[in-house]
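Shown below: query-v1.tsv, with TSV, C-alpha atoms.
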chain	number	residue	atom	x	y	z
A	1	MET	CA	0.00	0.00	0.00
A	2	THR	CA	1.08	3.57	-0.65
A	3	LEU	CA	1.17	5.73	2.47
A	4	ARG	CA	-0.70	8.98	1.84
A	5	ILE	CA	1.02	11.82	3.71
A	6	GLY	CA	-0.17	15.28	4.70
A	7	VAL	CA	2.53	17.89	5.39
A	8	ILE	CA	1.97	20.74	7.85
A	9	GLY	CA	4.49	23.48	7.13
A	10	THR	CA	6.06	24.01	3.70
A	11	GLY	CA	9.03	26.13	4.67
A	12	ARG	CA	12.62	25.01	4.16
A	13	ILE	CA	12.39	21.77	6.16
A	14	GLY	CA	8.89	20.85	5.04
A	15	THR	CA	9.78	21.42	1.39
A	16	ASP	CA	12.93	19.31	1.78
A	17	HIS	CA	10.82	16.44	3.11
A	18	ILE	CA	8.27	16.79	0.31
A	19	GLN	CA	11.08	16.63	-2.26
A	20	ARG	CA	12.69	13.69	-0.48
A	21	ILE	CA	9.48	11.65	-0.44
A	22	THR	CA	8.52	12.62	-3.99
A	23	ARG	CA	11.91	12.23	-5.67
A	24	LYS	CA	13.94	9.70	-3.67
A	25	LEU	CA	11.89	7.39	-1.47
A	26	SER	CA	9.38	4.64	-2.11
A	27	GLY	CA	6.04	3.62	-0.64
A	28	ALA	CA	4.54	7.06	-0.03
A	29	GLU	CA	3.04	10.08	-1.75
A	30	ILE	CA	2.17	13.62	-0.63
A	31	THR	CA	-1.61	14.05	-0.88
A	32	ALA	CA	-2.17	17.22	1.16
A	33	VAL	CA	-0.23	20.25	2.40
A	34	THR	CA	-0.91	23.31	4.50
A	35	ASP	CA	1.00	26.34	5.71
A	36	VAL	CA	0.28	29.73	7.27
A	37	ASP	CA	1.48	31.07	3.91
A	38	LEU	CA	-0.99	29.47	1.49
A	39	GLU	CA	0.81	30.89	-1.53
A	40	GLN	CA	4.00	29.15	-0.44
A	41	ALA	CA	2.14	25.86	0.03
A	42	ALA	CA	0.53	26.13	-3.41
A	43	ARG	CA	3.88	27.05	-4.97
A	44	VAL	CA	5.56	23.93	-3.58
A	45	VAL	CA	2.74	21.73	-4.90
A	46	ALA	CA	3.05	23.31	-8.35
A	47	GLU	CA	6.85	23.17	-8.47
A	48	GLU	CA	6.94	19.52	-7.44
A	49	GLY	CA	4.11	18.61	-9.80
A	50	ILE	CA	2.24	16.61	-7.14
A	51	ASN	CA	-1.46	15.97	-6.87
A	52	ALA	CA	-1.93	17.35	-3.37
A	53	ARG	CA	-4.74	19.36	-1.85
A	54	VAL	CA	-3.78	22.68	-0.26
A	55	HIS	CA	-5.75	23.10	2.98
A	56	ARG	CA	-6.66	26.63	3.95
A	57	GLU	CA	-7.50	25.58	7.52
A	58	GLN	CA	-4.42	23.89	8.95
A	59	MET	CA	-6.24	21.54	11.35
A	60	ALA	CA	-8.45	20.29	8.50
A	61	ILE	CA	-5.54	18.35	7.02
A	62	ILE	CA	-5.48	16.01	10.01
A	63	ASN	CA	-8.98	14.68	9.36
A	64	ASP	CA	-8.60	14.57	5.58
A	65	ASP	CA	-9.79	11.11	4.46
A	66	ASN	CA	-7.05	11.13	1.84
A	67	VAL	CA	-4.32	11.40	4.50
A	68	ASP	CA	-3.01	8.31	6.33
A	69	ALA	CA	-0.10	9.94	8.17
A	70	LEU	CA	1.24	13.41	8.92
A	71	ILE	CA	4.49	15.32	8.94
A	72	VAL	CA	4.65	18.35	11.24
A	73	ALA	CA	7.31	20.78	10.01
A	74	SER	CA	5.69	24.04	11.05
A	75	TRP	CA	6.85	26.70	13.54
A	76	GLY	CA	7.89	25.06	16.83
A	77	PRO	CA	5.18	26.55	19.08
A	78	THR	CA	2.49	24.98	16.85
A	79	HIS	CA	3.80	21.42	17.12
A	80	GLU	CA	2.04	20.37	20.30
A	81	ALA	CA	-1.47	21.16	19.07
A	82	PHE	CA	-0.94	19.42	15.72
A	83	VAL	CA	0.57	16.31	17.31
A	84	LEU	CA	-2.22	16.03	19.89
A	85	ALA	CA	-4.81	16.36	17.12
A	86	ALA	CA	-3.08	13.62	15.10
A	87	ILE	CA	-3.11	11.30	18.11
A	88	GLU	CA	-6.80	12.00	18.62
A	89	ALA	CA	-7.39	11.14	14.95
A	90	GLY	CA	-5.40	7.92	15.35
A	91	LYS	CA	-2.89	8.82	12.63
A	92	PRO	CA	0.91	8.32	12.69
A	93	VAL	CA	2.71	11.64	12.94
A	94	PHE	CA	6.34	12.54	12.29
A	95	CYS	CA	7.16	15.73	14.19
A	96	GLU	CA	10.28	17.75	13.62
A	97	LYS	CA	11.95	18.94	16.81
A	98	PRO	CA	10.85	20.31	19.14
A	99	LEU	CA	8.03	17.91	19.97
A	100	ALA	CA	6.71	20.81	22.06
A	101	THR	CA	8.34	23.99	23.31
A	102	THR	CA	8.05	22.97	26.98
A	103	ALA	CA	8.59	19.75	28.90
A	104	GLU	CA	5.00	20.07	30.12
A	105	GLY	CA	3.79	20.14	26.52
A	106	CYS	CA	5.85	17.05	25.68
A	107	ARG	CA	4.37	15.30	28.71
A	108	ARG	CA	0.85	16.07	27.52
A	109	ILE	CA	1.68	14.32	24.26
A	110	VAL	CA	3.09	11.33	26.14
A	111	ASP	CA	-0.03	11.16	28.28
A	112	ALA	CA	-2.24	11.26	25.16
A	113	GLU	CA	-0.38	8.28	23.71
A	114	LEU	CA	-0.53	6.42	27.01
A	115	LYS	CA	-4.29	6.96	27.12
A	116	LEU	CA	-4.58	5.67	23.56
A	117	GLY	CA	-2.31	2.72	24.39
A	118	LYS	CA	-0.39	2.97	21.13
A	119	LYS	CA	2.68	4.81	19.85
A	120	LEU	CA	1.90	7.10	16.92
A	121	VAL	CA	4.55	9.81	17.31
A	122	GLN	CA	8.09	9.92	15.96
A	123	VAL	CA	10.36	12.90	16.67
A	124	GLY	CA	12.86	14.16	14.09
A	125	PHE	CA	16.14	13.30	15.78
A	126	MET	CA	17.85	12.20	12.56
A	127	ARG	CA	21.28	11.40	14.00
A	128	ARG	CA	20.04	7.94	15.02
A	129	TYR	CA	19.85	7.20	11.27
A	130	ASP	CA	23.35	8.43	10.44
A	131	HIS	CA	25.60	5.57	9.29
A	132	SER	CA	28.57	6.66	11.42
A	133	TYR	CA	26.49	6.99	14.59
A	134	ARG	CA	24.99	3.55	13.91
A	135	LEU	CA	28.48	2.08	13.60
A	136	LEU	CA	29.41	3.69	16.93
A	137	LYS	CA	26.22	2.28	18.50
A	138	GLN	CA	27.10	-1.21	17.23
A	139	THR	CA	30.59	-0.91	18.71
A	140	LEU	CA	29.24	0.04	22.12
A	141	ALA	CA	26.48	-2.59	22.05
A	142	ALA	CA	29.07	-5.29	21.30
A	143	ASP	CA	30.97	-4.34	24.49
A	144	THR	CA	34.07	-3.82	22.35
A	145	ILE	CA	35.58	-1.18	24.65
A	146	GLY	CA	33.94	-2.18	27.93
A	147	GLU	CA	31.72	0.12	29.93
A	148	PRO	CA	31.70	3.77	28.76
A	149	LEU	CA	33.44	5.97	31.32
A	150	VAL	CA	33.77	9.37	29.66
A	151	VAL	CA	32.28	10.86	26.48
A	152	TYR	CA	33.63	13.93	24.67
A	153	CYS	CA	31.36	15.63	22.11
A	154	ALA	CA	31.52	18.74	19.97
A	155	HIS	CA	28.76	20.41	17.97
A	156	ARG	CA	30.39	23.12	15.86
A	157	ALA	CA	28.74	25.20	13.16
A	158	PRO	CA	30.32	27.95	11.03
A	159	MET	CA	27.73	30.53	12.11
A	160	ALA	CA	24.21	30.75	13.51
A	161	PRO	CA	22.30	33.71	12.05
A	162	GLY	CA	19.34	34.65	14.20
A	163	PHE	CA	20.47	32.69	17.23
A	164	SER	CA	19.83	34.42	20.53
A	165	GLY	CA	19.36	33.65	24.20
A	166	ASP	CA	19.63	29.93	24.95
A	167	MET	CA	19.14	28.62	21.39
A	168	ALA	CA	22.60	27.02	21.33
A	169	ILE	CA	21.21	24.67	23.99
A	170	THR	CA	17.54	24.44	23.07
A	171	ASP	CA	17.94	24.34	19.28
A	172	SER	CA	21.33	22.69	18.67
A	173	SER	CA	22.47	20.69	21.69
A	174	VAL	CA	19.16	18.83	21.89
A	175	HIS	CA	20.53	16.56	19.15
A	176	GLU	CA	23.39	15.58	21.47
A	177	PHE	CA	20.96	14.99	24.33
A	178	ASP	CA	18.98	12.49	22.25
A	179	ILE	CA	21.84	10.71	20.52
A	180	LEU	CA	23.79	10.24	23.76
A	181	ARG	CA	20.81	8.68	25.56
A	182	TRP	CA	20.46	6.34	22.57
A	183	LEU	CA	24.16	5.50	22.31
A	184	LEU	CA	24.63	4.84	26.02
A	185	ASN	CA	21.16	3.43	26.72
A	186	ASP	CA	21.20	5.52	29.89
A	187	ASP	CA	19.40	8.59	31.23
A	188	PHE	CA	20.95	11.78	32.59
A	189	VAL	CA	20.84	12.62	36.29
A	190	SER	CA	22.55	16.02	36.43
A	191	ALA	CA	23.63	18.94	34.27
A	192	GLN	CA	26.14	21.75	34.58
A	193	VAL	CA	26.95	24.49	32.09
A	194	VAL	CA	30.29	26.28	32.04
A	195	LEU	CA	30.59	29.51	30.06
A	196	PRO	CA	34.05	29.94	28.45
A	197	ARG	CA	35.41	33.20	27.16
A	198	ARG	CA	32.86	34.56	24.66
A	199	SER	CA	33.86	34.56	20.98
A	200	ARG	CA	34.09	38.00	19.40
A	201	LEU	CA	32.44	36.50	16.30
A	202	ALA	CA	29.18	35.66	18.07
A	203	GLU	CA	26.23	37.97	17.50
A	204	GLU	CA	25.75	40.73	20.05
A	205	GLY	CA	24.41	39.36	23.32
A	206	LEU	CA	24.88	35.69	22.37
A	207	GLN	CA	27.07	33.56	24.62
A	208	ASP	CA	29.20	31.25	22.46
A	209	PRO	CA	30.63	28.70	23.08
A	210	HIS	CA	29.01	26.67	25.87
A	211	LEU	CA	30.48	23.69	27.70
A	212	ILE	CA	27.75	21.31	28.89
A	213	LEU	CA	28.59	18.66	31.47
A	214	LEU	CA	26.19	15.75	32.01
A	215	GLU	CA	26.21	12.70	34.26
A	216	THR	CA	24.26	9.52	33.54
A	217	GLY	CA	22.56	7.16	35.95
A	218	ARG	CA	25.40	4.63	35.60
A	219	GLY	CA	28.03	7.29	36.23
A	220	THR	CA	29.29	8.08	32.72
A	221	ARG	CA	30.53	11.66	32.50
A	222	ILE	CA	29.85	13.64	29.33
A	223	SER	CA	31.38	16.86	28.02
A	224	ILE	CA	29.61	18.65	25.13
A	225	GLU	CA	31.20	21.65	23.46
A	226	SER	CA	28.53	23.72	21.71
A	227	PHE	CA	30.16	26.26	19.42
A	228	VAL	CA	27.76	27.66	16.83
A	229	ASN	CA	30.09	30.34	15.44
A	230	ALA	CA	33.17	28.19	14.89
A	231	ARG	CA	33.57	29.66	11.38
A	232	TYR	CA	35.82	26.90	9.99
A	233	GLY	CA	33.00	24.47	9.15
A	234	TYR	CA	30.21	22.18	10.34
A	235	ASP	CA	31.92	19.60	12.50
A	236	ILE	CA	30.23	16.98	14.70
A	237	ARG	CA	32.42	14.91	17.00
A	238	CYS	CA	31.87	12.15	19.55
A	239	GLU	CA	34.50	10.06	21.35
A	240	VAL	CA	33.65	7.39	23.93
A	241	VAL	CA	36.35	6.39	26.40
A	242	GLY	CA	35.72	2.87	27.64
A	243	GLU	CA	37.39	0.56	30.13
A	244	SER	CA	39.53	-1.13	27.50
A	245	GLY	CA	39.49	1.16	24.48
A	246	ILE	CA	38.21	4.27	22.76
A	247	ALA	CA	35.54	4.48	20.04
A	248	ALA	CA	35.11	7.66	18.02
A	249	LEU	CA	32.72	8.92	15.38
A	250	PRO	CA	34.51	8.84	12.00
A	251	ASP	CA	34.86	11.96	9.90
A	252	PRO	CA	32.62	12.16	6.81
A	253	ILE	CA	34.28	10.71	3.74
A	254	GLY	CA	36.15	13.25	1.65
A	255	THR	CA	38.96	13.33	-0.90
A	256	VAL	CA	42.44	13.49	0.62
A	257	LEU	CA	44.47	16.06	-1.28
A	258	ARG	CA	48.26	16.25	-1.36
A	259	LYS	CA	49.28	19.49	-3.09
A	260	ASP	CA	51.69	22.39	-2.66
A	261	ALA	CA	53.44	20.69	0.27
A	262	ARG	CA	50.15	20.31	2.14
A	263	LEU	CA	47.94	17.38	3.14
A	264	ALA	CA	44.26	18.37	3.30
A	265	THR	CA	40.78	16.90	3.61
A	266	PRO	CA	37.55	18.90	3.11
A	267	ILE	CA	35.36	19.98	6.01
A	268	GLN	CA	31.63	20.33	5.41
A	269	THR	CA	29.93	23.67	6.06
A	270	GLU	CA	26.22	22.73	5.91
A	271	TRP	CA	24.32	20.55	8.39
A	272	LYS	CA	22.06	19.39	5.57
A	273	ASP	CA	25.06	18.00	3.66
A	274	ARG	CA	26.40	16.23	6.76
A	275	PHE	CA	23.12	14.45	7.49
A	276	VAL	CA	21.38	14.23	4.10
A	277	ALA	CA	21.67	10.43	3.98
A	278	ALA	CA	20.41	10.20	7.56
A	279	PHE	CA	17.29	12.18	6.63
A	280	ASP	CA	16.64	9.83	3.72
A	281	THR	CA	17.03	6.73	5.88
A	282	GLU	CA	14.95	8.26	8.66
A	283	PHE	CA	11.95	8.88	6.41
A	284	GLN	CA	12.17	5.62	4.50
A	285	GLU	CA	12.17	3.68	7.77
A	286	TRP	CA	9.28	5.80	9.09
A	287	ILE	CA	7.26	5.15	5.93
A	288	ASN	CA	7.95	1.41	6.12
A	289	ALA	CA	6.92	1.26	9.78
A	290	ALA	CA	3.81	3.42	9.35
A	291	GLN	CA	2.60	1.15	6.54
A	292	LYS	CA	2.64	-1.70	9.06
A	293	GLY	CA	1.00	0.33	11.82
A	294	GLU	CA	4.27	0.44	13.78
A	295	MET	CA	6.63	3.09	15.18
A	296	HIS	CA	10.32	2.32	15.77
A	297	GLY	CA	12.09	5.69	15.86
A	298	PRO	CA	12.61	8.38	18.52
A	299	SER	CA	9.37	8.43	20.50
A	300	ALA	CA	7.30	11.02	22.32
A	301	TRP	CA	8.99	9.78	25.50
A	302	ASP	CA	12.40	10.50	23.96
A	303	GLY	CA	11.18	13.98	23.05
A	304	TYR	CA	10.04	14.50	26.63
A	305	MET	CA	13.35	13.32	28.12
A	306	VAL	CA	15.27	15.66	25.82
A	307	ALA	CA	13.02	18.54	26.90
A	308	ILE	CA	13.66	18.04	30.61
A	309	THR	CA	17.39	17.74	29.93
A	310	SER	CA	17.32	20.97	27.95
A	311	ASP	CA	15.41	22.71	30.76
A	312	ALA	CA	18.00	21.54	33.29
A	313	CYS	CA	20.85	22.85	31.14
A	314	VAL	CA	19.22	26.25	30.75
A	315	ALA	CA	18.66	26.41	34.52
A	316	ALA	CA	22.30	25.46	35.13
A	317	LYS	CA	23.51	28.09	32.69
A	318	HIS	CA	21.64	30.90	34.43
A	319	GLY	CA	21.76	29.65	38.00
A	320	GLY	CA	25.19	28.10	38.11
A	321	GLY	CA	26.14	24.91	39.86
A	322	ILE	CA	24.92	21.38	39.19
A	323	VAL	CA	21.22	20.95	38.45
A	324	PRO	CA	19.66	17.54	39.12
A	325	ILE	CA	17.58	15.96	36.35
A	326	GLN	CA	14.56	14.08	37.63
A	327	ARG	CA	14.70	10.48	36.49
A	328	GLU	CA	11.37	8.90	35.73
A	329	GLU	CA	10.52	5.27	35.15
A	330	THR	CA	9.98	4.70	31.46
A	331	PRO	CA	6.34	3.72	30.82
A	332	THR	CA	5.89	0.18	29.51
A	333	LEU	CA	4.62	1.52	26.17
A	334	TYR	CA	8.04	3.03	25.45
A	335	ARG	CA	10.31	0.20	26.58
Can you present the structure in this file as structure tokens?
Amino acid sequence: MTLRIGVIGTGRIGTDHIQRITRKLSGAEITAVTDVDLEQAARVVAEEGINARVHREQMAIINDDNVDALIVASWGPTHEAFVLAAIEAGKPVFCEKPLATTAEGCRRIVDAELKLGKKLVQVGFMRRYDHSYRLLKQTLAADTIGEPLVVYCAHRAPMAPGFSGDMAITDSSVHEFDILRWLLNDDFVSAQVVLPRRSRLAEEGLQDPHLILLETGRGTRISIESFVNARYGYDIRCEVVGESGIAALPDPIGTVLRKDARLATPIQTEWKDRFVAAFDTEFQEWINAAQKGEMHGPSAWDGYMVAITSDACVAAKHGGGIVPIQREETPTLYR
């Protein structure tokens, strides 16, 4: 069967997903779209040459009989309402991060799924679908280096136009929060944020970089460097120090150049280029699962746990010291 998908939000991310499903992937088609900018939504439909209805009322897309599943790629503060409506309609929903803008909102979504007794929500944490992260996960799962003791991570971007306040934590570092829970199969119990000397290249009023220190329930210590104005490129790093060895995320494949007495390899500058294959895999696996009435990816519970971790980091940044993270027993539905 072909999965009929409705897309809420046809901005940059939503359009990318429409193109991905239409041009690259199998088993699905876009049958409806909506956006606060109806002209933009209609333009995407025309440019892609798809037979999709443009809904003037955004909520109407959820109950469209020609829509089996939904993608929420709209403005973050709208996500919670759309996801809750999709759960009420009994339709699978892929929601780009954030699942909701508050931990309380994420919890309401979790509670709605628990009441239904079925997982319908997947959150867009695409790093779980990246080949290099999956190789690292396999290495850790095979106990190749023993128990993880220390993890060093870096999330570096060349620049972050429009970033302000705590967005380096709430918009960027949330990917680390999810992938590290997944890699280590462990929850966080405390957070601390250290503020290094501020880069002169950061926008006025923006602290950059941040150093985020986390501790897991089994005692693994994690250091995350968040540097969103690193200028030199888009560079994601992760190194796990184990009892008997070290496992590190490999660099993306690039041509090694020997020229003019120099040895050089390229460094990517766009996050989309670094994770384009992960996005493709993420959506193909979501389509395959949704066709079977299943959900295997990052869940509403994962979205909720990332939200409370993010809240703790923001509190630590502004209040100083070590902030405890409340551990909760994972509901049976999400185990």
*Using only C-alpha atoms, which residues sit within 9 Å of Leu214 in chain A once same-chain residues fewer than 2 positions away are excluded, as a PyMOL selection string?*
chain A and resi 188-193+212+216+220-224+313
*May I have the protein, DNA and RNA residues with any atom at most 8 Å from the point (2.2, 3.4, 12.5), counting only C-alpha atoms, written as a VMD selection string?*
chain A and resid 91 to 92 119 to 120 289 to 295
Please dump the current selection as a short mmCIF file (atom, residue, chain, number, x, y, z; two decimals), keeping the file's coordinate frame; keep C-alpha atoms.
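What follows is the written file again.cif:
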data_model
loop_
_atom_site.label_atom_id
_atom_site.label_comp_id
_atom_site.auth_asym_id
_atom_site.auth_seq_id
_atom_site.Cartn_x
_atom_site.Cartn_y
_atom_site.Cartn_z
CA LYS A 91 -2.89 8.82 12.63
CA PRO A 92 0.91 8.32 12.69
CA LYS A 119 2.68 4.81 19.85
CA LEU A 120 1.90 7.10 16.92
CA ALA A 289 6.92 1.26 9.78
CA ALA A 290 3.81 3.42 9.35
CA GLN A 291 2.60 1.15 6.54
CA LYS A 292 2.64 -1.70 9.06
CA GLY A 293 1.00 0.33 11.82
CA GLU A 294 4.27 0.44 13.78
CA MET A 295 6.63 3.09 15.18
#
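Residues in contact range of Lys272 in chain A, defined as at most 10 Å between only C-alpha atoms, with sequence neighbours fewer than 6 positions away removed, read Ile13, Asp16, Tyr234, Ala278 and Phe279 of chain A.
Using only C-alpha atoms for every distance, the candidate list A:Leu183, A:Met305, A:Ala60, A:Ile5 yields A:Ile5 as the residue closest to Ala32 in chain A.
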*asked:* One decimal, in Å: what's the spacing between CA of Asn66 in chain A and CA of Gly11 in chain A?
replied: 22.2 Å
_as a ChimeraX atom specification, please: the residues near range 41-53 of chain A (cut-off 10 Å, all atoms listed in the file, same-chain neighbours under 2 positions excluded)._
/A:4-11,14-15,18-19,22-23,29-39,55-56,61,64,66
Restricting it to C-alpha atoms, dump the selection as a PDB file, keeping the file's coordinate frame.
ATOM      1  CA  ARG A   4      -0.700   8.980   1.840  1.00  0.00           C
ATOM      2  CA  ILE A   5       1.020  11.820   3.710  1.00  0.00           C
ATOM      3  CA  GLY A   6      -0.170  15.280   4.700  1.00  0.00           C
ATOM      4  CA  VAL A   7       2.530  17.890   5.390  1.00  0.00           C
ATOM      5  CA  ILE A   8       1.970  20.740   7.850  1.00  0.00           C
ATOM      6  CA  GLY A   9       4.490  23.480   7.130  1.00  0.00           C
ATOM      7  CA  THR A  10       6.060  24.010   3.700  1.00  0.00           C
ATOM      8  CA  GLY A  11       9.030  26.130   4.670  1.00  0.00           C
ATOM      9  CA  GLY A  14       8.890  20.850   5.040  1.00  0.00           C
ATOM     10  CA  THR A  15       9.780  21.420   1.390  1.00  0.00           C
ATOM     11  CA  ILE A  18       8.270  16.790   0.310  1.00  0.00           C
ATOM     12  CA  GLN A  19      11.080  16.630  -2.260  1.00  0.00           C
ATOM     13  CA  THR A  22       8.520  12.620  -3.990  1.00  0.00           C
ATOM     14  CA  ARG A  23      11.910  12.230  -5.670  1.00  0.00           C
ATOM     15  CA  GLU A  29       3.040  10.080  -1.750  1.00  0.00           C
ATOM     16  CA  ILE A  30       2.170  13.620  -0.630  1.00  0.00           C
ATOM     17  CA  THR A  31      -1.610  14.050  -0.880  1.00  0.00           C
ATOM     18  CA  ALA A  32      -2.170  17.220   1.160  1.00  0.00           C
ATOM     19  CA  VAL A  33      -0.230  20.250   2.400  1.00  0.00           C
ATOM     20  CA  THR A  34      -0.910  23.310   4.500  1.00  0.00           C
ATOM     21  CA  ASP A  35       1.000  26.340   5.710  1.00  0.00           C
ATOM     22  CA  VAL A  36       0.280  29.730   7.270  1.00  0.00           C
ATOM     23  CA  ASP A  37       1.480  31.070   3.910  1.00  0.00           C
ATOM     24  CA  LEU A  38      -0.990  29.470   1.490  1.00  0.00           C
ATOM     25  CA  GLU A  39       0.810  30.890  -1.530  1.00  0.00           C
ATOM     26  CA  HIS A  55      -5.750  23.100   2.980  1.00  0.00           C
ATOM     27  CA  ARG A  56      -6.660  26.630   3.950  1.00  0.00           C
ATOM     28  CA  ILE A  61      -5.540  18.350   7.020  1.00  0.00           C
ATOM     29  CA  ASP A  64      -8.600  14.570   5.580  1.00  0.00           C
ATOM     30  CA  ASN A  66      -7.050  11.130   1.840  1.00  0.00           C
TER      31      ASN A  66
END
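Among A:Tyr129, A:Ala247, A:Gly217, A:Val67, the residue with the shortest atom-to-atom distance to Glu328 in chain A, counting all atoms listed in the file, is A:Gly217.
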*Residue among A:Ala312, A:Val72, A:Cys238, A:Leu84 lying closest to Lys97 in chain A, counting all atoms listed in the file*: A:Val72
*Please, what distance in Å, to one decimal, runs between CA of Leu211 in chain A and CA of Val306 in chain A?*
17.3 Å
*Taking into account only C-alpha atoms, which residue in the set A:Ile87, A:Ala316, A:Ala28, A:Val276 is nearest to Lys115 in chain A?*
A:Ile87
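The coordinates place CA of His318 in chain A at 28.8 Å from CA of Thr330 in chain A.
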What would range 210-217 of chain A look like with all heavy atoms restored, written as a PDB file, keeping the file's coordinate frame?
ATOM      1  N   HIS A 210      29.442  27.227  24.600  1.00  0.00           N
ATOM      2  CA  HIS A 210      29.010  26.670  25.870  1.00  0.00           C
ATOM      3  C   HIS A 210      29.741  25.343  26.094  1.00  0.00           C
ATOM      4  O   HIS A 210      30.044  24.631  25.137  1.00  0.00           O
ATOM      5  CB  HIS A 210      27.511  26.347  25.885  1.00  0.00           C
ATOM      6  CG  HIS A 210      26.610  27.544  25.808  1.00  0.00           C
ATOM      7  ND1 HIS A 210      26.412  28.256  24.643  1.00  0.00           N
ATOM      8  CD2 HIS A 210      25.822  28.122  26.746  1.00  0.00           C
ATOM      9  CE1 HIS A 210      25.548  29.233  24.871  1.00  0.00           C
ATOM     10  NE2 HIS A 210      25.179  29.184  26.128  1.00  0.00           N
ATOM     11  N   LEU A 211      29.974  25.015  27.330  1.00  0.00           N
ATOM     12  CA  LEU A 211      30.480  23.690  27.700  1.00  0.00           C
ATOM     13  C   LEU A 211      29.457  23.056  28.631  1.00  0.00           C
ATOM     14  O   LEU A 211      29.208  23.553  29.729  1.00  0.00           O
ATOM     15  CB  LEU A 211      31.841  23.799  28.395  1.00  0.00           C
ATOM     16  CG  LEU A 211      32.546  22.474  28.704  1.00  0.00           C
ATOM     17  CD1 LEU A 211      32.836  21.701  27.420  1.00  0.00           C
ATOM     18  CD2 LEU A 211      33.827  22.707  29.487  1.00  0.00           C
ATOM     19  N   ILE A 212      28.825  21.976  28.152  1.00  0.00           N
ATOM     20  CA  ILE A 212      27.750  21.310  28.890  1.00  0.00           C
ATOM     21  C   ILE A 212      28.290  20.010  29.480  1.00  0.00           C
ATOM     22  O   ILE A 212      28.879  19.192  28.764  1.00  0.00           O
ATOM     23  CB  ILE A 212      26.562  21.010  27.950  1.00  0.00           C
ATOM     24  CG1 ILE A 212      26.020  22.312  27.357  1.00  0.00           C
ATOM     25  CG2 ILE A 212      25.465  20.248  28.688  1.00  0.00           C
ATOM     26  CD1 ILE A 212      25.045  22.095  26.210  1.00  0.00           C
ATOM     27  N   LEU A 213      28.107  19.844  30.775  1.00  0.00           N
ATOM     28  CA  LEU A 213      28.590  18.660  31.470  1.00  0.00           C
ATOM     29  C   LEU A 213      27.394  17.870  31.997  1.00  0.00           C
ATOM     30  O   LEU A 213      26.572  18.404  32.758  1.00  0.00           O
ATOM     31  CB  LEU A 213      29.507  19.049  32.629  1.00  0.00           C
ATOM     32  CG  LEU A 213      30.689  19.974  32.265  1.00  0.00           C
ATOM     33  CD1 LEU A 213      31.445  20.383  33.520  1.00  0.00           C
ATOM     34  CD2 LEU A 213      31.624  19.290  31.267  1.00  0.00           C
ATOM     35  N   LEU A 214      27.289  16.605  31.594  1.00  0.00           N
ATOM     36  CA  LEU A 214      26.190  15.750  32.010  1.00  0.00           C
ATOM     37  C   LEU A 214      26.724  14.515  32.728  1.00  0.00           C
ATOM     38  O   LEU A 214      27.843  14.060  32.472  1.00  0.00           O
ATOM     39  CB  LEU A 214      25.367  15.298  30.800  1.00  0.00           C
ATOM     40  CG  LEU A 214      24.706  16.385  29.945  1.00  0.00           C
ATOM     41  CD1 LEU A 214      24.100  15.771  28.694  1.00  0.00           C
ATOM     42  CD2 LEU A 214      23.647  17.134  30.743  1.00  0.00           C
ATOM     43  N   GLU A 215      25.905  13.971  33.600  1.00  0.00           N
ATOM     44  CA  GLU A 215      26.210  12.700  34.260  1.00  0.00           C
ATOM     45  C   GLU A 215      25.034  11.759  34.036  1.00  0.00           C
ATOM     46  O   GLU A 215      23.867  12.171  34.108  1.00  0.00           O
ATOM     47  CB  GLU A 215      26.432  12.885  35.760  1.00  0.00           C
ATOM     48  CG  GLU A 215      26.759  11.582  36.491  1.00  0.00           C
ATOM     49  CD  GLU A 215      26.894  11.765  37.991  1.00  0.00           C
ATOM     50  OE1 GLU A 215      26.613  12.873  38.490  1.00  0.00           O
ATOM     51  OE2 GLU A 215      27.260  10.779  38.674  1.00  0.00           O
ATOM     52  N   THR A 216      25.319  10.494  33.746  1.00  0.00           N
ATOM     53  CA  THR A 216      24.260   9.520  33.540  1.00  0.00           C
ATOM     54  C   THR A 216      24.003   8.711  34.806  1.00  0.00           C
ATOM     55  O   THR A 216      24.796   8.757  35.757  1.00  0.00           O
ATOM     56  CB  THR A 216      24.594   8.541  32.397  1.00  0.00           C
ATOM     57  OG1 THR A 216      25.594   7.610  32.853  1.00  0.00           O
ATOM     58  CG2 THR A 216      25.089   9.282  31.163  1.00  0.00           C
ATOM     59  N   GLY A 217      22.924   7.962  34.784  1.00  0.00           N
ATOM     60  CA  GLY A 217      22.560   7.160  35.950  1.00  0.00           C
ATOM     61  C   GLY A 217      23.612   6.134  36.310  1.00  0.00           C
ATOM     62  O   GLY A 217      23.772   5.783  37.493  1.00  0.00           O
TER      63      GLY A 217
END
